[in-house]
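**Q** Please find input.pdb (PDB, C-alpha atoms) on the next line:
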ATOM      1  CA  MET A   1       0.000   0.000   0.000
ATOM      2  CA  SER A   2       1.477   3.372  -1.003
ATOM      3  CA  ILE A   3       2.295   5.758   1.845
ATOM      4  CA  ILE A   4       0.334   9.009   1.997
ATOM      5  CA  TYR A   5       2.428  12.039   2.973
ATOM      6  CA  ARG A   6       1.351  15.444   4.280
ATOM      7  CA  GLY A   7       3.050  18.801   3.849
ATOM      8  CA  ARG A   8       2.581  22.549   3.456
ATOM      9  CA  LEU A   9       2.641  24.255   0.060
ATOM     10  CA  GLU A  10       5.594  26.638   0.480
ATOM     11  CA  ARG A  11       5.782  28.062  -3.048
ATOM     12  CA  TRP A  12       3.422  28.134  -5.996
ATOM     13  CA  LYS A  13       3.913  29.605  -9.481
ATOM     14  CA  GLU A  14       0.376  30.116 -10.740
ATOM     15  CA  ASP A  15       1.449  31.116 -14.257
ATOM     16  CA  LYS A  16       3.504  27.911 -14.660
ATOM     17  CA  GLY A  17       1.263  25.566 -12.700
ATOM     18  CA  PHE A  18       3.842  24.096 -10.302
ATOM     19  CA  GLY A  19       5.308  24.599  -6.866
ATOM     20  CA  PHE A  20       7.025  22.930  -3.908
ATOM     21  CA  ILE A  21       5.678  21.182  -0.805
ATOM     22  CA  ARG A  22       7.571  21.222   2.514
ATOM     23  CA  PRO A  23       6.900  17.778   4.137
ATOM     24  CA  GLU A  24       6.063  17.713   7.833
ATOM     25  CA  HIS A  25       9.039  15.556   8.794
ATOM     26  CA  SER A  26      11.695  16.575   6.274
ATOM     27  CA  GLN A  27      13.470  19.632   4.889
ATOM     28  CA  VAL A  28      13.490  18.182   1.359
ATOM     29  CA  ASP A  29      10.946  20.172  -0.661
ATOM     30  CA  VAL A  30       8.850  18.052  -3.009
ATOM     31  CA  PHE A  31       7.940  19.223  -6.521
ATOM     32  CA  ILE A  32       4.225  19.249  -7.386
ATOM     33  CA  HIS A  33       2.561  19.968 -10.732
ATOM     34  CA  ILE A  34      -1.049  21.065 -11.118
ATOM     35  CA  SER A  35      -1.769  17.755 -12.868
ATOM     36  CA  ALA A  36      -1.306  15.986  -9.506
ATOM     37  CA  LEU A  37      -4.429  17.866  -8.310
ATOM     38  CA  SER A  38      -6.519  17.117 -11.395
ATOM     39  CA  ASN A  39      -9.615  16.272  -9.318
ATOM     40  CA  SER A  40      -9.439  19.315  -7.053
ATOM     41  CA  PRO A  41     -12.341  21.781  -7.331
ATOM     42  CA  ARG A  42      -9.915  24.682  -6.895
ATOM     43  CA  ARG A  43      -6.264  25.493  -7.558
ATOM     44  CA  PRO A  44      -3.823  25.449  -4.633
ATOM     45  CA  VAL A  45      -2.471  28.495  -2.821
ATOM     46  CA  VAL A  46       0.599  28.934  -0.620
ATOM     47  CA  GLY A  47      -0.174  27.693   2.878
ATOM     48  CA  ASP A  48      -2.448  24.833   1.807
ATOM     49  CA  MET A  49      -1.792  21.494   3.506
ATOM     50  CA  ILE A  50      -1.435  18.831   0.812
ATOM     51  CA  TYR A  51      -1.845  15.052   1.067
ATOM     52  CA  TYR A  52       0.120  13.233  -1.629
ATOM     53  CA  GLN A  53       2.065  10.150  -2.674
ATOM     54  CA  LEU A  54       5.678  10.110  -3.913
ATOM     55  CA  HIS A  55       6.806   9.074  -7.383
ATOM     56  CA  VAL A  56      10.506   8.549  -8.176
ATOM     57  CA  ALA A  57      11.227   8.857 -11.906
ATOM     58  CA  ASP A  58      13.922   6.892 -13.742
ATOM     59  CA  ASP A  59      16.256   9.888 -13.515
ATOM     60  CA  GLY A  60      15.907   9.946  -9.705
ATOM     61  CA  LYS A  61      13.746  13.059  -9.517
ATOM     62  CA  ILE A  62      10.886  13.006  -7.011
ATOM     63  CA  LYS A  63       7.447  14.534  -7.437
ATOM     64  CA  ALA A  64       4.076  14.450  -5.718
ATOM     65  CA  VAL A  65       1.243  12.498  -7.351
ATOM     66  CA  ASN A  66      -2.365  11.671  -6.489
ATOM     67  CA  ALA A  67      -2.552  14.814  -4.383
ATOM     68  CA  ARG A  68      -5.450  16.544  -2.666
ATOM     69  CA  ILE A  69      -5.837  19.723  -0.629
ATOM     70  CA  GLU A  70      -6.707  19.236   3.038
ATOM     71  CA  GLY A  71     -10.220  20.401   3.821
ATOM     72  CA  VAL A  72     -11.247  20.622   0.165
ATOM     73  CA  THR A  73     -13.781  18.004  -0.840
ATOM     74  CA  GLY A  74     -15.569  17.168  -4.028
ATOM     75  CA  LEU A  75     -14.397  16.705  -7.589
ATOM     76  CA  LYS A  76     -13.397  19.264 -10.193
ATOM     77  CA  PRO A  77     -16.582  20.657 -11.773
ATOM     78  CA  GLN A  78     -17.418  19.062 -15.104
ATOM     79  CA  LYS A  79     -19.373  20.539 -17.976
ATOM     80  CA  LYS A  80     -23.049  19.905 -17.467
ATOM     81  CA  ASN A  81     -24.843  17.668 -19.887
ATOM     82  CA  SER A  82     -27.859  19.242 -21.486
ATOM     83  CA  GLN A  83     -29.871  16.251 -20.245
ATOM     84  CA  PRO A  84     -28.261  15.064 -16.983
ATOM     85  CA  GLN A  85     -29.351  11.636 -15.849
ATOM     86  CA  LYS A  86     -30.262  11.081 -12.239
ATOM     87  CA  SER A  87     -28.730   7.596 -12.260
ATOM     88  CA  ASN A  88     -25.301   9.031 -13.142
ATOM     89  CA  GLN A  89     -25.545  11.473 -10.241
ATOM     90  CA  ASN A  90     -26.389   8.622  -7.880
ATOM     91  CA  ARG A  91     -23.403   6.605  -9.061
ATOM     92  CA  LEU A  92     -21.118   9.610  -8.513
ATOM     93  CA  LEU A  93     -22.461  10.065  -4.975
ATOM     94  CA  ILE A  94     -21.818   6.394  -4.203
ATOM     95  CA  LYS A  95     -18.232   6.722  -5.462
ATOM     96  CA  LEU A  96     -17.638   9.802  -3.287
ATOM     97  CA  ILE A  97     -18.951   8.017  -0.205
ATOM     98  CA  SER A  98     -16.738   5.010  -0.996
ATOM     99  CA  LEU A  99     -13.673   7.241  -1.299
ATOM    100  CA  LEU A 100     -14.411   8.906   2.030
ATOM    101  CA  LEU A 101     -14.831   5.533   3.727
ATOM    102  CA  PHE A 102     -11.589   4.291   2.179
ATOM    103  CA  GLY A 103      -9.757   7.382   3.437
ATOM    104  CA  CYS A 104     -11.067   6.815   6.966
ATOM    105  CA  LEU A 105     -10.036   3.151   6.919
ATOM    106  CA  LEU A 106      -6.586   4.076   5.586
ATOM    107  CA  TYR A 107      -6.065   6.621   8.359
ATOM    108  CA  VAL A 108      -7.084   4.091  11.027
ATOM    109  CA  ALA A 109      -4.752   1.464   9.527
ATOM    110  CA  ILE A 110      -1.761   3.812   9.500
ATOM    111  CA  THR A 111      -2.301   5.080  13.046
ATOM    112  CA  GLN A 112      -2.718   1.500  14.328
ATOM    113  CA  TYR A 113       0.266  -0.116  12.645
ATOM    114  CA  TYR A 114       2.840   2.709  12.698
ATOM    115  CA  PRO A 115       3.410   3.701  16.344
ATOM    116  CA  ASN A 116       6.449   5.869  15.437
ATOM    117  CA  GLN A 117       4.579   8.542  13.559
ATOM    118  CA  SER A 118       2.796  11.869  13.613
ATOM    119  CA  ASN A 119      -0.290  12.679  11.567
ATOM    120  CA  GLY A 120      -0.125   9.264   9.916
ATOM    121  CA  LEU A 121       3.397   9.698   8.473
ATOM    122  CA  PRO A 122       5.932   6.962   9.427
ATOM    123  CA  LYS A 123       9.309   8.551  10.272
ATOM    124  CA  GLN A 124      11.248   5.392   9.412
ATOM    125  CA  ALA A 125       9.773   5.293   5.921
ATOM    126  CA  ILE A 126      10.903   8.890   5.286
ATOM    127  CA  SER A 127      14.459   8.207   6.478
ATOM    128  CA  SER A 128      14.678   5.064   4.356
ATOM    129  CA  SER A 129      13.527   6.906   1.241
ATOM    130  CA  HIS A 130      16.293   9.527   1.700
ATOM    131  CA  ASP A 131      18.966   6.817   2.136
ATOM    132  CA  PHE A 132      17.702   4.976  -0.930
ATOM    133  CA  ILE A 133      17.789   8.060  -3.138
ATOM    134  CA  LEU A 134      21.335   8.976  -2.071
ATOM    135  CA  GLN A 135      22.729   5.459  -2.470
ATOM    136  CA  ASP A 136      20.982   5.035  -5.806
ATOM    137  CA  ALA A 137      22.549   8.285  -7.076
ATOM    138  CA  ILE A 138      26.031   7.176  -5.965
ATOM    139  CA  GLU A 139      25.812   3.611  -7.289
ATOM    140  CA  HIS A 140      24.282   4.557 -10.644
ATOM    141  CA  GLN A 141      26.465   7.631 -11.170
ATOM    142  CA  LYS A 142      23.538  10.051 -11.360
ATOM    143  CA  SER A 143      23.784  13.837 -11.184
ATOM    144  CA  ALA A 144      21.466  16.779 -10.457
ATOM    145  CA  ILE A 145      19.606  14.680  -7.853
ATOM    146  CA  GLN A 146      18.216  16.288  -4.685
ATOM    147  CA  VAL A 147      19.491  14.226  -1.739
ATOM    148  CA  GLU A 148      19.497  14.278   2.050
ATOM    149  CA  GLY A 149      21.671  12.402   4.512
ATOM    150  CA  GLU A 150      24.088  12.476   7.422
ATOM    151  CA  GLY A 151      27.752  11.674   7.839
ATOM    152  CA  LYS A 152      30.865  12.152   9.942
ATOM    153  CA  ILE A 153      33.295  14.947   9.046
ATOM    154  CA  SER A 154      36.481  13.139   7.989
ATOM    155  CA  LYS A 155      38.465  16.008   6.440
ATOM    156  CA  LEU A 156      38.281  19.810   6.378
ATOM    157  CA  LEU A 157      39.487  21.434   3.161
ATOM    158  CA  PRO A 158      40.567  25.053   2.574
ATOM    159  CA  ASP A 159      37.750  27.392   1.546
ATOM    160  CA  ASP A 160      37.395  27.971  -2.190
ATOM    161  CA  THR A 161      37.859  31.732  -2.572
ATOM    162  CA  VAL A 162      38.032  31.952  -6.375
ATOM    163  CA  GLY A 163      34.760  33.312  -7.762
ATOM    164  CA  VAL A 164      31.839  32.166  -5.619
ATOM    165  CA  ARG A 165      33.208  31.252  -2.182
ATOM    166  CA  HIS A 166      32.584  27.750  -0.815
ATOM    167  CA  GLN A 167      33.323  26.057   2.493
ATOM    168  CA  LYS A 168      34.509  22.526   1.668
ATOM    169  CA  MET A 169      34.678  19.329   3.682
ATOM    170  CA  ILE A 170      34.661  15.577   3.123
ATOM    171  CA  ILE A 171      32.192  13.487   5.094
ATOM    172  CA  GLU A 172      31.971   9.740   5.575
ATOM    173  CA  LEU A 173      28.542   8.094   5.308
ATOM    174  CA  SER A 174      27.431   5.121   7.420
ATOM    175  CA  THR A 175      28.140   2.917   4.382
ATOM    176  CA  GLY A 176      31.831   3.927   4.449
ATOM    177  CA  GLN A 177      31.501   5.981   1.263
ATOM    178  CA  THR A 178      32.805   9.549   1.240
ATOM    179  CA  ILE A 179      31.406  12.626  -0.502
ATOM    180  CA  LEU A 180      32.511  16.224  -0.800
ATOM    181  CA  ILE A 181      30.288  18.998   0.591
ATOM    182  CA  ALA A 182      30.663  22.377  -1.164
ATOM    183  CA  HIS A 183      28.723  24.962   0.888
ATOM    184  CA  ASN A 184      28.189  28.379  -0.745
ATOM    185  CA  ILE A 185      29.219  30.936   1.890
ATOM    186  CA  ASP A 186      28.336  33.907  -0.301
ATOM    187  CA  LEU A 187      24.657  32.963   0.113
ATOM    188  CA  ALA A 188      24.687  31.035   3.404
ATOM    189  CA  GLU A 189      26.403  31.413   6.763
ATOM    190  CA  LYS A 190      29.761  29.669   7.160
ATOM    191  CA  ILE A 191      30.001  26.944   9.817
ATOM    192  CA  ASP A 192      32.592  28.153  12.295
ATOM    193  CA  PRO A 193      33.898  26.542  14.431
ATOM    194  CA  ILE A 194      33.660  23.032  12.971
ATOM    195  CA  ARG A 195      35.472  19.886  14.158
ATOM    196  CA  LEU A 196      36.651  16.623  12.643
ATOM    197  CA  GLY A 197      34.655  13.571  13.688
ATOM    198  CA  ASP A 198      31.416  15.471  14.314
ATOM    199  CA  LEU A 199      28.172  14.463  12.633
ATOM    200  CA  ILE A 200      26.676  16.804  10.047
ATOM    201  CA  ALA A 201      23.370  16.478   8.182
ATOM    202  CA  PHE A 202      22.969  17.798   4.675
ATOM    203  CA  ASN A 203      20.387  18.495   2.001
ATOM    204  CA  GLY A 204      21.437  19.547  -1.476
ATOM    205  CA  GLU A 205      22.026  18.555  -5.077
ATOM    206  CA  TYR A 206      24.264  15.554  -5.757
ATOM    207  CA  GLU A 207      26.752  15.501  -8.639
ATOM    208  CA  TRP A 208      28.615  12.271  -9.359
ATOM    209  CA  ASN A 209      32.363  12.051  -9.930
ATOM    210  CA  GLU A 210      34.997   9.311  -9.704
ATOM    211  CA  LYS A 211      35.903  10.276  -6.122
ATOM    212  CA  GLY A 212      32.431   9.581  -4.779
ATOM    213  CA  GLY A 213      30.619  12.723  -5.833
ATOM    214  CA  LEU A 214      29.810  16.051  -4.254
ATOM    215  CA  VAL A 215      26.793  17.804  -2.797
ATOM    216  CA  HIS A 216      26.229  21.517  -3.429
ATOM    217  CA  TRP A 217      23.196  23.856  -3.384
ATOM    218  CA  THR A 218      23.201  23.467   0.429
ATOM    219  CA  HIS A 219      21.604  26.907   0.725
ATOM    220  CA  HIS A 220      18.503  28.885  -0.167
ATOM    221  CA  ASP A 221      17.856  30.137  -3.705
ATOM    222  CA  PRO A 222      17.220  33.917  -3.701
ATOM    223  CA  LYS A 223      15.204  33.539  -6.929
ATOM    224  CA  GLY A 224      13.084  30.691  -5.556
ATOM    225  CA  ASP A 225      13.571  28.552  -8.674
ATOM    226  CA  HIS A 226      15.647  25.811  -7.002
ATOM    227  CA  ILE A 227      14.829  23.615  -4.025
ATOM    228  CA  ALA A 228      16.376  25.154  -0.903
ATOM    229  CA  GLY A 229      19.142  23.041   0.630
ATOM    230  CA  TRP A 230      20.809  23.233   4.048
ATOM    231  CA  LEU A 231      23.451  21.937   6.426
ATOM    232  CA  LYS A 232      22.645  21.057  10.040
ATOM    233  CA  TYR A 233      25.489  21.076  12.560
ATOM    234  CA  ASN A 234      25.238  21.005  16.350
ATOM    235  CA  GLY A 235      21.487  21.627  16.166
ATOM    236  CA  LYS A 236      21.795  24.740  13.950
ATOM    237  CA  ILE A 237      20.649  24.945  10.319
ATOM    238  CA  TYR A 238      22.838  26.824   7.830
ATOM    239  CA  GLN A 239      21.155  27.804   4.558
TER
END
In structure tokens, how does this file's structure come out?
**A**
Amino acid sequence: MSIIYRGRLERWKEDKGFGFIRPEHSQVDVFIHISALSNSPRRPVVGDMIYYQLHVADDGKIKAVNARIEGVTGLKPQKKNSQPQKSNQNRLLIKLISLLLFGCLLYVAITQYYPNQSNGLPKQAISSSHDFILQDAIEHQKSAIQVEGEGKISKLLPDDTVGVRHQKMIIELSTGQTILIAHNIDLAEKIDPIRLGDLIAFNGEYEWNEKGGLVHWTHHDPKGDHIAGWLKYNGKIYQ
């Protein structure tokens, strides 16, 4: 059974028909297109709480599908037939009631069988999905993939001061693999002080290379066109 997620619509481009959802238990924004809300009676607005399922494409990109807006019921209005039939209306009503009953049963099932959760969203499932996406990108040499993870700082490198400035470090994942973190300190705050051996969490865009790859875009995008990344160190978020 596919997991249903819940999150807040943080950004929405009405003229382009897409935006980004901030999940309740993650900092990884999820892309959503208006087609995922094809049955909604109205278009979404920033601040809406969205229920959705995740779809991972062959290129590793994630998007929301089968979405609905919390508190908005009913189907998208259809063009009226010049001679509507009462039997068709009755069948539609039965389908709506069935969907509502199914939603109630699904909610009960999730809350009963996932004790480690909030609002029906299993935390372990979210963590596993992040690990899978990162490992899949590394093993299959993918690039331009939004990833999230955690590792131990194994080496601190000199800051890159040519052009756009970056704070650079190498971290070791729980799998033993190492990746380079390139943190833009022209757009985000530099982590200082920072120590070898400490854990650091990251969210950004992965680019593969022969040395294990690197993660950049660990910061906000002033233009709002790219998913905002971050670093989390000693309980503080840098973005």
**Q** To test your reading of the syntax: which residues would the PyMOL selection byres ((chain A and resi 40) around 12) return for the file shown? Reply as a ChimeraX atom specification.
**A** /A:34-39,41-44,50-51,66-78
**Q** Just give me the gap between atom CA of Gly213 of chain A and atom CA of Ile138 of chain A in Å, one decimal is fine.
**A**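 Computing the Euclidean distance for atom CA of Gly213 of chain A and atom CA of Ile138 of chain A yields 7.2 Å.
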**Q** What separation in Å, quoted to one decimal, exists between atom CA of Gly103 of chain A and atom CA of Gln53 of chain A?
**A** 13.6 Å
**Q** Find the residues near Ile227 of chain A: any atom within 8 Å, counting all atoms listed in the file, skip ones fewer than 2 places away on the same chain, and give them as a VMD selection string.
**A** chain A and resid 20 28 to 29 220 to 221 224 to 225 229
**Q** Rounded to one decimal in Å, what is the spacing between atom CA of Ala64 of chain A and atom CA of Glu150 of chain A?
**A**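 Atom-to-atom, atom CA of Ala64 of chain A to atom CA of Glu150 of chain A, that is 24.0 Å.
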**Q** Any chance you could work out the residue set of the PyMOL selection byres ((chain A and resi 141) around 10) here, as a compact mmCIF listing (two decimals) with C-alpha atoms, keeping the file's coordinate frame?
**A**
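Result file follows (part-v2.txt):
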# COMPACT_ATOMS: atom_id res chain seq x y z
CA GLN A 135 22.73 5.46 -2.47
CA ASP A 136 20.98 5.04 -5.81
CA ALA A 137 22.55 8.28 -7.08
CA ILE A 138 26.03 7.18 -5.96
CA GLU A 139 25.81 3.61 -7.29
CA HIS A 140 24.28 4.56 -10.64
CA LYS A 142 23.54 10.05 -11.36
CA SER A 143 23.78 13.84 -11.18
CA TYR A 206 24.26 15.55 -5.76
CA GLU A 207 26.75 15.50 -8.64
CA TRP A 208 28.62 12.27 -9.36
CA ASN A 209 32.36 12.05 -9.93
CA GLU A 210 35.00 9.31 -9.70
CA GLY A 212 32.43 9.58 -4.78
CA GLY A 213 30.62 12.72 -5.83
**Q** When you count all atoms listed in the file, which of these residues is closest to Lys232 of chain A: A:Glu148, A:Ser174, A:Lys95, A:Asp160?
**A**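 So, comparing all the options, the nearest one is A:Glu148.
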**Q** List the spatial neighbours of segment 191-202 of chain A as a VMD selection string - criterion: any atom at most 12 Å away, only C-alpha atoms, same-chain residues fewer than 5 positions off excluded.
**A** chain A and resid 26 to 28 130 to 131 134 146 to 157 159 166 to 174 179 to 185 214 to 219 228 to 239
**Q** Atoms to include: C-alpha atoms. Write the selected residues as an mmCIF file, keeping the file's coordinate frame.
**A**
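Saved result, again_25.cif, follows:
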data_model
loop_
_atom_site.group_PDB
_atom_site.id
_atom_site.type_symbol
_atom_site.label_atom_id
_atom_site.label_comp_id
_atom_site.auth_asym_id
_atom_site.auth_seq_id
_atom_site.Cartn_x
_atom_site.Cartn_y
_atom_site.Cartn_z
ATOM 1 C CA SER A 26 11.695 16.575 6.274
ATOM 2 C CA GLN A 27 13.470 19.632 4.889
ATOM 3 C CA VAL A 28 13.490 18.182 1.359
ATOM 4 C CA HIS A 130 16.293 9.527 1.700
ATOM 5 C CA ASP A 131 18.966 6.817 2.136
ATOM 6 C CA LEU A 134 21.335 8.976 -2.071
ATOM 7 C CA GLN A 146 18.216 16.288 -4.685
ATOM 8 C CA VAL A 147 19.491 14.226 -1.739
ATOM 9 C CA GLU A 148 19.497 14.278 2.050
ATOM 10 C CA GLY A 149 21.671 12.402 4.512
ATOM 11 C CA GLU A 150 24.088 12.476 7.422
ATOM 12 C CA GLY A 151 27.752 11.674 7.839
ATOM 13 C CA LYS A 152 30.865 12.152 9.942
ATOM 14 C CA ILE A 153 33.295 14.947 9.046
ATOM 15 C CA SER A 154 36.481 13.139 7.989
ATOM 16 C CA LYS A 155 38.465 16.008 6.440
ATOM 17 C CA LEU A 156 38.281 19.810 6.378
ATOM 18 C CA LEU A 157 39.487 21.434 3.161
ATOM 19 C CA ASP A 159 37.750 27.392 1.546
ATOM 20 C CA HIS A 166 32.584 27.750 -0.815
ATOM 21 C CA GLN A 167 33.323 26.057 2.493
ATOM 22 C CA LYS A 168 34.509 22.526 1.668
ATOM 23 C CA MET A 169 34.678 19.329 3.682
ATOM 24 C CA ILE A 170 34.661 15.577 3.123
ATOM 25 C CA ILE A 171 32.192 13.487 5.094
ATOM 26 C CA GLU A 172 31.971 9.740 5.575
ATOM 27 C CA LEU A 173 28.542 8.094 5.308
ATOM 28 C CA SER A 174 27.431 5.121 7.420
ATOM 29 C CA ILE A 179 31.406 12.626 -0.502
ATOM 30 C CA LEU A 180 32.511 16.224 -0.800
ATOM 31 C CA ILE A 181 30.288 18.998 0.591
ATOM 32 C CA ALA A 182 30.663 22.377 -1.164
ATOM 33 C CA HIS A 183 28.723 24.962 0.888
ATOM 34 C CA ASN A 184 28.189 28.379 -0.745
ATOM 35 C CA ILE A 185 29.219 30.936 1.890
ATOM 36 C CA LEU A 214 29.810 16.051 -4.254
ATOM 37 C CA VAL A 215 26.793 17.804 -2.797
ATOM 38 C CA HIS A 216 26.229 21.517 -3.429
ATOM 39 C CA TRP A 217 23.196 23.856 -3.384
ATOM 40 C CA THR A 218 23.201 23.467 0.429
ATOM 41 C CA HIS A 219 21.604 26.907 0.725
ATOM 42 C CA ALA A 228 16.376 25.154 -0.903
ATOM 43 C CA GLY A 229 19.142 23.041 0.630
ATOM 44 C CA TRP A 230 20.809 23.233 4.048
ATOM 45 C CA LEU A 231 23.451 21.937 6.426
ATOM 46 C CA LYS A 232 22.645 21.057 10.040
ATOM 47 C CA TYR A 233 25.489 21.076 12.560
ATOM 48 C CA ASN A 234 25.238 21.005 16.350
ATOM 49 C CA GLY A 235 21.487 21.627 16.166
ATOM 50 C CA LYS A 236 21.795 24.740 13.950
ATOM 51 C CA ILE A 237 20.649 24.945 10.319
ATOM 52 C CA TYR A 238 22.838 26.824 7.830
ATOM 53 C CA GLN A 239 21.155 27.804 4.558
#
**Q** Calculate, to one decimal in Å, the centre and edge lengths of the box along x, y and z of the file that holds all listed atoms of segment 172-184 of chain A with 5 Å of margin on each side, and present them as AutoDock Vina command-line options.
**A**
--center_x 30.1 --center_y 15.6 --center_z 3.1 --size_x 15.4 --size_y 35.5 --size_z 18.6
**Q** Which residue is closest to Ile32 of chain A? Choose from A:Ala144, A:Gly47, A:Leu101, A:Lys63 and count only C-alpha atoms.
**A**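 That would be A:Lys63, the residue with the smallest distance to Ile32 of chain A.
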**Q** For Thr175 of chain A, which residue among A:Phe132, A:Phe18, A:Tyr5, A:Tyr52 is the nearest when counting all atoms listed in the file?
**A**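 Closest to Thr175 of chain A, using all atoms listed in the file: A:Phe132.
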**Q** I'd like to know which of A:Ile145, A:Leu100, A:Leu106, A:Ile94 is closest to Gly60 of chain A, using all atoms listed in the file.
**A** A:Ile145
**Q** Fix up segment 174-193 of chain A with N, CA and C atoms, then write it as a tab-separated table (two decimals), keeping the file's coordinate frame.
**A**
chain	number	residue	atom	x	y	z
A	174	SER	N	27.47	6.35	6.62
A	174	SER	CA	27.43	5.12	7.42
A	174	SER	C	27.85	3.91	6.60
A	175	THR	N	27.75	4.01	5.27
A	175	THR	CA	28.14	2.92	4.38
A	175	THR	C	29.65	2.85	4.18
A	176	GLY	N	30.40	3.87	4.67
A	176	GLY	CA	31.83	3.93	4.45
A	176	GLY	C	32.21	4.77	3.25
A	177	GLN	N	31.24	5.14	2.43
A	177	GLN	CA	31.50	5.98	1.26
A	177	GLN	C	31.75	7.42	1.71
A	178	THR	N	32.53	8.15	0.93
A	178	THR	CA	32.80	9.55	1.24
A	178	THR	C	32.31	10.44	0.12
A	179	ILE	N	31.84	11.63	0.48
A	179	ILE	CA	31.41	12.63	-0.50
A	179	ILE	C	31.91	14.00	-0.07
A	180	LEU	N	32.07	14.86	-1.05
A	180	LEU	CA	32.51	16.22	-0.80
A	180	LEU	C	31.29	17.13	-0.63
A	181	ILE	N	31.32	17.98	0.39
A	181	ILE	CA	30.29	19.00	0.59
A	181	ILE	C	30.88	20.34	0.19
A	182	ALA	N	30.23	21.04	-0.75
A	182	ALA	CA	30.66	22.38	-1.16
A	182	ALA	C	29.55	23.35	-0.79
A	183	HIS	N	29.75	24.09	0.29
A	183	HIS	CA	28.72	24.96	0.89
A	183	HIS	C	28.97	26.42	0.49
A	184	ASN	N	28.06	27.00	-0.25
A	184	ASN	CA	28.19	28.38	-0.74
A	184	ASN	C	28.09	29.37	0.42
A	185	ILE	N	29.21	30.00	0.76
A	185	ILE	CA	29.22	30.94	1.89
A	185	ILE	C	29.07	32.39	1.44
A	186	ASP	N	28.77	32.58	0.14
A	186	ASP	CA	28.34	33.91	-0.30
A	186	ASP	C	26.83	34.07	-0.10
A	187	LEU	N	26.11	32.93	-0.06
A	187	LEU	CA	24.66	32.96	0.11
A	187	LEU	C	24.22	32.43	1.47
A	188	ALA	N	25.05	31.62	2.12
A	188	ALA	CA	24.69	31.04	3.40
A	188	ALA	C	25.80	31.30	4.42
A	189	GLU	N	25.44	31.19	5.69
A	189	GLU	CA	26.40	31.41	6.76
A	189	GLU	C	27.44	30.29	6.80
A	190	LYS	N	28.69	30.65	7.03
A	190	LYS	CA	29.76	29.67	7.16
A	190	LYS	C	29.67	28.99	8.52
A	191	ILE	N	29.98	27.68	8.55
A	191	ILE	CA	30.00	26.94	9.82
A	191	ILE	C	31.35	27.17	10.48
A	192	ASP	N	31.34	27.83	11.61
A	192	ASP	CA	32.59	28.15	12.30
A	192	ASP	C	32.30	28.38	13.78
A	193	PRO	N	32.89	27.57	14.70
A	193	PRO	CA	33.90	26.54	14.43
A	193	PRO	C	33.27	25.23	13.98
